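For reference, protein34.txt is printed below; it contains compact mmCIF, C-alpha atoms.
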```txt
# COMPACT_ATOMS: atom_id res chain seq x y z
CA MET A 253 70.79 114.62 13.35
CA LEU A 254 70.24 112.32 10.30
CA ALA A 255 73.80 111.08 10.71
CA ASP A 256 73.09 110.31 14.34
CA LEU A 257 69.97 108.38 13.37
CA ALA A 258 71.92 106.47 10.76
CA SER A 259 74.51 105.46 13.32
CA ILE A 260 71.75 104.32 15.65
CA GLY A 261 70.27 102.18 12.89
CA ARG A 262 73.51 100.19 12.76
CA ILE A 263 73.20 99.29 16.45
CA ASP A 264 71.94 95.78 17.07
CA PRO A 265 69.78 96.13 20.21
CA LEU A 266 69.96 92.38 20.81
CA ALA A 267 73.74 92.01 20.65
CA GLY A 268 74.19 92.66 24.33
CA PHE A 269 71.38 90.30 25.21
CA ARG A 270 72.81 87.54 23.05
CA ALA A 271 76.18 87.92 24.76
CA GLN A 272 74.54 87.75 28.16
CA LEU A 273 72.60 84.64 27.14
CA ALA A 274 75.82 82.99 26.05
CA ASP A 275 77.44 83.79 29.40
CA ILE A 276 74.45 82.51 31.33
CA ALA A 277 74.37 79.34 29.27
CA ARG A 278 77.96 78.62 30.35
CA MET A 279 77.03 78.97 34.00
CA THR A 280 75.81 76.06 36.07
CA GLY A 281 72.60 78.00 36.63
CA PRO A 282 71.20 80.36 39.29
CA VAL A 283 69.73 77.40 41.16
CA ALA A 284 73.13 76.00 42.07
CA ALA A 285 74.47 79.45 42.91
CA LEU A 286 71.54 80.27 45.19
CA GLN A 287 71.66 76.87 46.84
CA ALA A 288 75.36 77.36 47.58
CA GLN A 289 74.59 80.78 49.06
CA LEU A 290 71.84 79.30 51.22
CA ARG A 291 74.24 76.71 52.58
CA ARG A 292 76.71 79.45 53.44
CA ASN A 293 73.93 81.44 55.14
CA ASP A 294 72.89 78.39 57.20
CA GLU A 295 76.49 77.79 58.24
CA LEU A 296 76.90 81.44 59.25
CA LEU A 297 73.70 81.42 61.32
CA ALA A 298 74.77 78.19 63.04
CA SER A 299 78.20 79.64 63.78
CA VAL A 300 76.74 82.85 65.28
CA ARG A 301 74.28 80.90 67.40
CA SER A 302 77.03 78.56 68.65
CA LYS A 303 79.26 81.50 69.57
CA ILE A 304 76.48 83.20 71.54
CA VAL A 305 75.73 79.98 73.41
CA ALA A 306 79.42 79.31 74.13
CA ASP A 307 80.25 82.87 75.26
CA ALA A 308 77.20 83.35 77.46
CA GLY A 309 76.86 79.80 78.75
CA LEU A 310 73.22 79.70 77.61
CA THR A 311 71.06 76.60 77.48
CA THR A 312 67.74 78.12 76.43
CA LEU A 313 68.80 79.97 73.25
CA PRO A 314 68.43 77.02 70.79
CA SER A 315 64.84 76.34 71.87
CA ILE A 316 64.02 80.06 71.68
CA MET A 317 65.51 80.28 68.19
CA ALA A 318 63.50 77.23 67.13
CA SER A 319 60.26 78.83 68.35
CA LEU A 320 61.02 82.10 66.54
CA ARG A 321 62.25 80.60 63.28
CA PRO A 322 58.81 80.06 61.61
CA SER A 323 58.11 83.79 61.88
CA ILE A 324 61.54 85.19 60.98
CA ASP A 325 63.06 82.53 58.69
CA PRO A 326 64.63 84.67 55.94
CA LEU A 327 65.19 81.66 53.68
CA ALA A 328 61.61 80.51 53.25
CA GLY A 329 61.03 82.80 50.29
CA PHE A 330 64.36 81.85 48.75
CA ARG A 331 63.58 78.15 48.94
CA ALA A 332 60.23 78.72 47.24
CA GLN A 333 62.00 80.66 44.47
CA LEU A 334 64.49 77.86 44.02
CA ALA A 335 61.66 75.36 43.60
CA ASP A 336 60.09 77.56 40.92
CA ILE A 337 63.40 78.02 39.10
CA ALA A 338 64.10 74.30 39.21
CA ARG A 339 60.84 73.66 37.38
CA MET A 340 61.86 75.95 34.55
CA THR A 341 63.66 74.61 31.47
CA GLY A 342 66.54 76.96 32.20
CA PRO A 343 67.30 80.69 32.27
CA VAL A 344 68.35 80.79 28.60
CA ALA A 345 65.09 79.34 27.32
CA ALA A 346 63.10 81.60 29.61
CA LEU A 347 64.89 84.73 28.38
CA GLN A 348 64.60 83.69 24.75
CA ALA A 349 60.85 83.24 25.21
CA GLN A 350 60.62 86.75 26.66
CA LEU A 351 62.58 88.49 23.87
CA PRO A 352 59.59 89.10 21.54
CA LYS A 353 57.78 90.84 24.37
CA LEU A 354 60.83 92.99 25.11
CA LEU A 355 61.52 94.12 21.52
CA PRO A 356 59.26 97.19 21.74
CA ASP A 357 61.06 98.29 24.89
CA ILE A 358 64.55 97.97 23.44
CA ASP A 359 63.83 99.42 20.02
CA PRO A 360 66.57 102.09 19.61
CA LEU A 361 64.08 104.38 17.86
CA ALA A 362 61.46 104.09 20.61
CA GLY A 363 63.07 106.93 22.51
CA VAL A 364 63.03 109.12 19.41
CA ARG A 365 59.38 108.44 18.73
CA SER A 366 58.30 109.08 22.30
CA ALA A 367 60.48 112.08 23.10
CA GLY A 368 60.72 113.67 19.71
CA LEU A 369 64.17 113.32 18.04
CA LEU A 370 66.34 113.03 21.16
CA PRO A 371 70.10 113.39 20.74
CA SER A 372 71.86 110.13 19.93
CA GLN A 373 73.80 110.00 23.22
CA ALA A 374 70.54 110.20 25.20
CA ILE A 375 69.07 107.41 23.09
CA LEU A 376 72.09 105.22 23.79
CA ALA A 377 71.81 105.96 27.51
CA GLU A 378 68.15 104.94 27.40
CA LEU A 379 69.09 101.74 25.60
CA ARG A 380 71.64 100.90 28.31
CA ALA A 381 69.03 101.58 31.00
CA GLN A 382 66.57 99.24 29.29
CA THR A 383 69.27 96.58 29.07
CA ALA A 384 69.89 96.87 32.81
CA VAL A 385 66.18 96.48 33.53
CA ILE A 386 65.97 93.07 31.90
CA ASP A 387 69.35 91.84 33.16
CA PRO A 388 68.34 88.54 34.79
CA LEU A 389 71.13 88.69 37.37
CA ALA A 390 70.16 92.19 38.48
CA SER A 391 66.57 91.04 38.82
CA THR A 392 67.66 88.14 41.00
CA LEU A 393 69.71 90.42 43.25
CA ARG A 394 66.81 92.83 43.63
CA SER A 395 64.55 89.94 44.54
CA LEU A 396 67.00 88.71 47.17
CA ALA A 397 67.25 92.20 48.67
CA GLU A 398 63.46 92.47 48.86
CA GLN A 399 63.30 89.07 50.57
CA ALA A 400 65.91 90.16 53.11
CA ARG A 401 64.04 93.38 53.89
CA SER A 402 60.81 91.44 54.29
CA ALA A 403 62.39 88.75 56.49
CA PHE A 404 64.30 91.19 58.71
CA PRO A 405 62.18 94.30 59.31
CA SER A 406 64.01 96.80 61.49
CA GLN A 407 61.50 96.53 64.34
CA LEU A 408 61.87 92.75 64.51
CA LEU A 409 65.65 93.07 64.51
CA ARG A 410 65.50 95.53 67.41
CA GLN A 411 63.22 93.17 69.33
CA ALA A 412 65.48 90.20 68.68
CA LEU A 413 68.53 92.20 69.77
CA SER A 414 66.77 93.27 72.97
CA ALA A 415 65.71 89.68 73.72
CA GLY A 416 69.25 88.43 73.12
CA THR A 417 70.61 91.08 75.47
CA ARG A 418 68.22 90.03 78.24
CA LEU A 419 69.37 86.42 77.90
CA LEU A 420 72.81 87.50 79.14
CA LEU A 421 71.34 88.59 82.49
CA PRO A 422 70.17 86.43 85.41
CA ASP A 423 66.45 85.67 85.50
CA ASN A 424 65.80 87.99 88.44
CA LEU A 425 67.32 91.04 86.69
CA ARG A 426 66.02 90.71 83.12
CA HIS A 427 63.04 92.94 83.81
CA VAL A 428 65.14 95.81 85.22
CA ARG A 429 65.49 98.74 82.80
CA VAL A 430 69.01 99.61 81.67
CA GLN A 431 68.50 103.13 83.05
CA LEU A 432 68.41 101.61 86.56
CA TRP A 433 71.73 99.77 86.24
CA PRO A 434 73.72 102.63 87.85
CA TRP A 435 71.37 102.53 90.84
CA LEU A 436 71.82 98.76 91.19
CA LEU A 437 75.60 99.25 91.12
CA ARG A 438 75.34 101.96 93.78
CA ILE A 439 73.30 99.67 96.05
CA SER A 440 75.81 96.89 95.50
CA ALA A 441 78.72 99.14 96.49
CA LYS A 442 76.99 100.85 99.40
CA ASP A 443 75.30 97.84 101.01
CA GLY A 444 77.68 95.08 99.97
CA ILE A 445 74.73 93.22 98.44
CA CYS A 446 75.00 91.56 95.04
CA MET A 447 71.50 91.01 93.65
CA ALA A 448 72.47 88.73 90.75
CA TRP A 449 70.48 85.43 90.68
CA ALA A 450 68.97 86.12 94.12
CA PRO A 451 66.67 87.43 95.48
CA ARG A 452 63.58 86.97 93.30
CA PRO A 453 62.36 89.76 90.96
CA GLU A 454 59.62 90.98 93.32
CA LEU A 455 62.17 91.58 96.09
CA VAL A 456 64.57 93.25 93.67
CA ASP A 457 61.79 95.67 92.75
CA MET A 458 61.19 96.42 96.42
CA LEU A 459 64.88 96.99 97.13
CA ILE A 460 65.54 99.38 94.25
CA THR A 461 62.65 101.62 95.30
CA LEU A 462 64.17 102.24 98.76
CA ARG A 463 66.64 105.05 99.37
CA THR A 464 68.51 103.94 102.50
CA SER A 465 70.69 100.96 103.33
CA GLN A 466 68.80 100.44 106.56
CA ALA A 467 65.48 100.11 104.75
CA ARG A 468 66.91 97.68 102.21
CA HIS A 469 68.50 95.50 104.92
CA GLN A 470 65.17 95.42 106.73
CA VAL A 471 63.42 94.14 103.60
CA LEU A 472 65.87 91.23 103.40
CA LEU A 473 65.35 90.40 107.07
CA ASP A 474 61.58 90.68 106.79
CA HIS A 475 61.63 88.27 103.84
CA ARG A 476 64.22 85.92 105.31
CA LYS A 477 62.42 82.76 104.16
CA GLU A 478 62.04 83.90 100.52
CA VAL A 479 65.63 85.17 100.28
CA LEU A 480 67.05 81.89 101.60
CA GLU A 481 64.86 79.88 99.22
CA ASP A 482 66.18 81.92 96.30
CA VAL A 483 69.80 81.47 97.43
CA THR A 484 69.29 77.72 97.76
CA GLU A 485 67.78 77.52 94.27
CA SER A 486 70.69 79.50 92.84
CA LEU A 487 73.24 77.27 94.57
CA SER A 488 71.65 74.20 92.98
CA GLU A 489 73.07 75.41 89.65
CA VAL A 490 76.63 75.25 91.00
CA ASP A 491 77.92 71.79 90.11
CA HIS A 492 81.57 72.08 89.12
CA PRO A 493 83.60 69.49 91.11
CA ASP A 494 86.07 72.12 92.36
CA LEU A 495 83.25 74.11 93.96
CA LEU A 496 81.14 71.39 95.58
CA VAL A 497 82.80 71.70 98.99
CA TYR A 498 82.20 75.45 98.99
CA ARG A 499 78.58 75.00 97.91
CA GLU A 500 77.97 72.59 100.79
CA LEU A 501 79.47 75.02 103.30
CA VAL A 502 77.29 77.85 102.00
CA GLU A 503 74.26 75.57 102.26
CA GLU A 504 75.19 74.99 105.91
CA ALA A 505 75.33 78.75 106.39
CA VAL A 506 71.87 79.03 104.83
CA ASP A 507 70.59 76.50 107.37
CA CYS A 508 72.09 78.62 110.14
CA LEU A 509 70.32 81.71 108.83
CA ALA A 510 67.06 79.78 108.60
CA ASP A 511 67.44 78.88 112.30
CA GLY A 512 68.28 82.45 113.30
CA ARG A 513 71.97 81.75 113.98
CA ASP A 514 73.13 84.70 111.91
CA SER A 515 76.54 85.23 113.56
CA ALA A 516 77.58 81.62 112.92
CA ALA A 517 76.46 81.93 109.31
CA GLN A 518 78.42 85.16 108.85
CA ALA A 519 81.62 83.62 110.22
CA LEU A 520 81.33 80.58 107.95
CA LEU A 521 80.52 82.69 104.89
CA GLY A 522 83.53 84.95 105.51
CA ASN A 523 85.87 81.96 105.47
CA VAL A 524 84.28 80.49 102.34
CA LEU A 525 84.54 83.86 100.62
CA ASP A 526 88.24 84.24 101.40
CA SER A 527 89.07 80.67 100.30
CA CYS A 528 87.10 80.93 97.04
CA MET A 529 88.76 84.19 96.11
CA ARG A 530 92.24 82.87 96.77
CA GLU A 531 91.74 79.56 94.95
CA HIS A 532 89.67 80.63 91.93
CA GLY A 533 88.58 84.26 92.24
CA HIS A 534 91.86 85.86 91.20
CA ASP A 535 92.02 83.82 88.01
CA TRP A 536 88.39 84.62 87.27
CA LEU A 537 89.07 88.36 87.65
CA THR A 538 92.04 88.14 85.28
CA ASP A 539 89.97 86.30 82.70
CA ARG A 540 86.80 88.39 83.03
CA PHE A 541 88.43 91.83 83.20
CA ALA A 542 90.94 91.36 80.41
CA ASN A 543 91.82 95.09 80.20
CA ALA A 544 92.42 95.55 83.93
CA GLN A 545 95.77 96.60 85.36
CA PHE A 546 96.25 94.51 88.50
CA MET A 547 98.68 95.89 91.07
CA GLY A 548 99.48 93.43 93.85
CA THR A 549 98.28 89.92 94.53
CA SER A 550 95.81 90.41 97.40
CA SER A 551 92.07 90.02 96.82
CA HIS A 552 91.61 93.70 97.68
CA ASN A 553 94.10 94.84 95.03
CA ARG A 554 92.69 92.46 92.45
CA LEU A 555 89.21 93.87 93.01
CA LYS A 556 90.52 97.43 92.76
CA GLY A 557 92.07 96.62 89.38
CA ALA A 558 88.80 95.18 88.10
CA LEU A 559 86.76 98.16 89.33
CA ALA A 560 89.16 100.60 87.66
CA THR A 561 87.89 99.37 84.27
CA TYR A 562 84.41 100.82 84.93
CA HIS A 563 83.99 104.22 83.25
CA GLY A 564 80.20 104.60 83.21
CA THR A 565 77.19 102.41 82.63
CA SER A 566 77.06 103.16 78.89
CA ARG A 567 80.28 101.19 78.55
CA ILE A 568 79.01 98.08 80.34
CA ARG A 569 78.11 95.19 78.07
CA PRO A 570 75.14 93.12 79.31
CA GLY A 571 77.40 90.10 79.75
CA MET A 572 79.63 92.13 82.10
CA PHE A 573 76.93 93.77 84.22
CA THR A 574 76.66 91.01 86.83
CA ALA A 575 80.46 90.86 87.07
CA TYR A 576 80.53 94.55 88.00
CA LEU A 577 77.68 94.00 90.46
CA LEU A 578 79.75 91.33 92.18
CA VAL A 579 83.06 93.20 92.36
CA THR A 580 81.34 96.32 93.72
CA SER A 581 79.73 94.25 96.48
CA LEU A 582 83.06 92.54 97.30
CA LYS A 583 85.03 95.80 97.40
CA ASN A 584 84.15 96.63 101.03
CA MET A 585 84.31 92.99 102.10
CA PHE A 586 88.04 92.86 101.36
CA GLY A 587 89.00 96.49 101.70
CA PRO A 588 90.77 98.03 104.72
CA ALA A 589 88.28 99.71 107.03
CA PRO A 590 88.65 101.23 110.54
CA LYS A 591 85.15 100.08 111.47
CA GLN A 592 82.54 97.77 110.06
CA VAL A 593 79.79 99.74 108.32
CA THR A 594 79.10 96.95 105.84
CA PHE A 595 80.29 93.36 106.04
CA ASN A 596 84.10 93.25 106.13
CA ARG A 597 85.69 89.82 106.14
CA HIS A 598 88.97 90.95 107.76
CA LEU A 599 87.38 92.87 110.64
CA ALA A 600 84.93 90.07 111.39
CA ALA A 601 87.71 87.47 111.47
CA HIS A 602 90.39 89.42 113.35
CA HIS A 603 88.45 91.97 115.42
CA ALA A 604 85.52 90.05 116.78
CA ALA A 605 83.15 92.36 118.63
CA LYS A 606 79.46 92.75 119.17
CA GLY A 607 79.18 95.22 116.32
CA SER A 608 81.15 92.99 113.95
CA TYR A 609 78.41 90.39 113.67
CA ARG A 610 75.01 91.61 112.52
CA SER A 611 72.13 89.97 110.72
CA GLU A 612 72.35 92.43 107.83
CA PHE A 613 76.03 91.56 107.37
CA ALA A 614 75.18 87.85 107.22
CA PHE A 615 72.57 88.41 104.50
CA ALA A 616 74.90 90.61 102.49
CA ALA A 617 77.54 87.89 102.73
CA VAL A 618 75.27 85.03 101.64
CA LEU A 619 73.98 86.95 98.59
CA SER A 620 77.45 87.92 97.43
CA VAL A 621 78.99 84.49 98.07
CA GLN A 622 76.30 82.71 96.05
CA ALA A 623 76.87 85.19 93.19
CA LEU A 624 80.62 84.52 93.36
CA LEU A 625 80.02 80.77 93.16
CA ARG A 626 77.74 81.23 90.14
CA HIS A 627 80.41 83.22 88.31
CA LEU A 628 83.15 80.77 89.26
CA ASP A 629 81.02 77.82 88.18
CA GLY A 630 80.60 79.23 84.68
CA TYR A 631 84.27 80.18 84.47
CA LEU A 632 85.56 76.76 85.56
CA TRP A 633 83.23 74.84 83.25
CA ALA A 634 84.33 77.03 80.35
CA ARG A 635 87.95 76.07 81.07
CA THR A 636 87.17 72.35 81.39
```

Produce structure tokens that represent the structure in this file.
Amino acid sequence: MLADLASIGRIDPLAGFRAQLADIARMTGPVAALQAQLRRNDELLASVRSKIVADAGLTTLPSIMASLRPSIDPLAGFRAQLADIARMTGPVAALQAQLPKLLPDIDPLAGVRSAGLLPSQAILAELRAQTAVIDPLASTLRSLAEQARSAFPSQLLRQALSAGTRLLLPDNLRHVRVQLWPWLLRISAKDGICMAWAPRPELVDMLITLRTSQARHQVLLDHRKEVLEDVTESLSEVDHPDLLVYRELVEEAVDCLADGRDSAAQALLGNVLDSCMREHGHDWLTDRFANAQFMGTSSHNRLKGALATYHGTSRIRPGMFTAYLLVTSLKNMFGPAPKQVTFNRHLAAHHAAKGSYRSEFAFAAVLSVQALLRHLDGYLWART
């Protein structure tokens, strides 16, 4: 034991500290390092924000981020620390000033006195632990980690993620719980009605509470004025030059519906739908459903390929939900059918009969066509 104590007496407890001070003195200083890290953080945040805006076609995200930044800015504490560090004479001088206060803590015999003749290896381990405690770089890293945890509490991150997810949905669907997405998809497929962008949220809530197609169609007819106002407002967002002629034709169909000329509106909407799909819809499907296997070149086959990529609502990303709503509503419009239960473009165009033209078919057509134009508008502008 005396030999162990003798060997400990030859240990200079300050040697490691002096070496660290020499290394730190050769550095440009923690201020420059932290400032460089802050610049990299700012660049990363700007890059992420730009990617979200570009991918989702958002215009409101920058203003929302600006309003949230005062409460979640993770760099505010760092900048205050940098200002304090800059006012110091330097990390070497600061550490040297602290050494007299630290000597009692790093005394190699302090462990022996407090624990009662500990083995030499334990004393050395304690000495290394004390060295780690006063390591200025470790202290800085711990401080940065605490700042990050304070700036990004888990609850706030979950709220921000939820808000960002909602931004990828149309205004009229952002309030609908994710658990109801399968029901919305079922309505879209069964009724041929795409509820993206129109109608307004109050009507969406009414529609999803009803259990039959007949009841849902009646709601649309009973609120004819509101539905047509919502479609017109949605169409005002379509401004790509390649779609202006289609937008004008759909607006004419809306005027027909407002006047009660539903059959004329349905005929016009069926032609617009077919032309849009042939000219731009197939390319949009290829781009939007990148993993789809498309067999054949008809609109019906293209829609089948897109729908085959759906394997359950848990696999639908928020940015893809409205695309699935649209293709499910278009499935019956282009599919082969012996009789017209929902709006079918082919039967209405080639087998005109009294049962082929109905008011509920006209409203299903106008809602789905406006949703198609909204998707195509975003797609074409992204390619421009």

- prompt: Could you name the residues that touch Leu436 in chain A at 9 Å or less, counting all atoms listed in the file, but leaving out those on the same chain fewer than 2 positions away, as a ChimeraX atom specification?
  reply: /A:432-434,438-441,446-447,460,577

query: Any idea what's packed within 9 Å of range 516-529 of chain A, counting all atoms listed in the file, ignoring anything in its chain fewer than 5 positions away? Could you give it as a ChimeraX atom specification?
result: /A:495,498,501-502,504-509,534-536,551,585-586,595-598,600-601,609-611,613-615,617-618,620-621,624-625,628

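Using all atoms listed in the file, the nearest neighbour of Arg569 in chain A within the list A:Val479, A:Leu420, A:Glu295, A:Gly444 is A:Leu420.
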
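Going from CA of Trp633 in chain A to CA of Val456 in chain A covers 28.2 Å.
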
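Relative to CA of Ala448 in chain A, CA of Thr574 in chain A is found at 6.2 Å.
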
task: Check the smallest atom-to-atom distance from each of A:Gln545, A:Thr561, A:Ser515, A:Ser486 to Ala575 in chain A using all atoms listed in the file, then report the winner.
output: A:Thr561

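The space separating CA of Thr636 in chain A from CA of Glu531 in chain A comes to 16.0 Å.
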
- request: Go through A:Arg513, A:Arg626, A:Lys606, A:Lys583 and flag the residue nearest Leu437 in chain A, using all atoms listed in the file for the distances.
  value: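 For Leu437 in chain A, the nearest of the candidates is A:Lys583.
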
- prompt: Between A:Val471, A:Leu421, A:Ala604, A:Val497, which one has atoms that come closest to Gln592 in chain A, using only C-alpha atoms?
  reply: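 That would be A:Ala604, the residue with the smallest distance to Gln592 in chain A.
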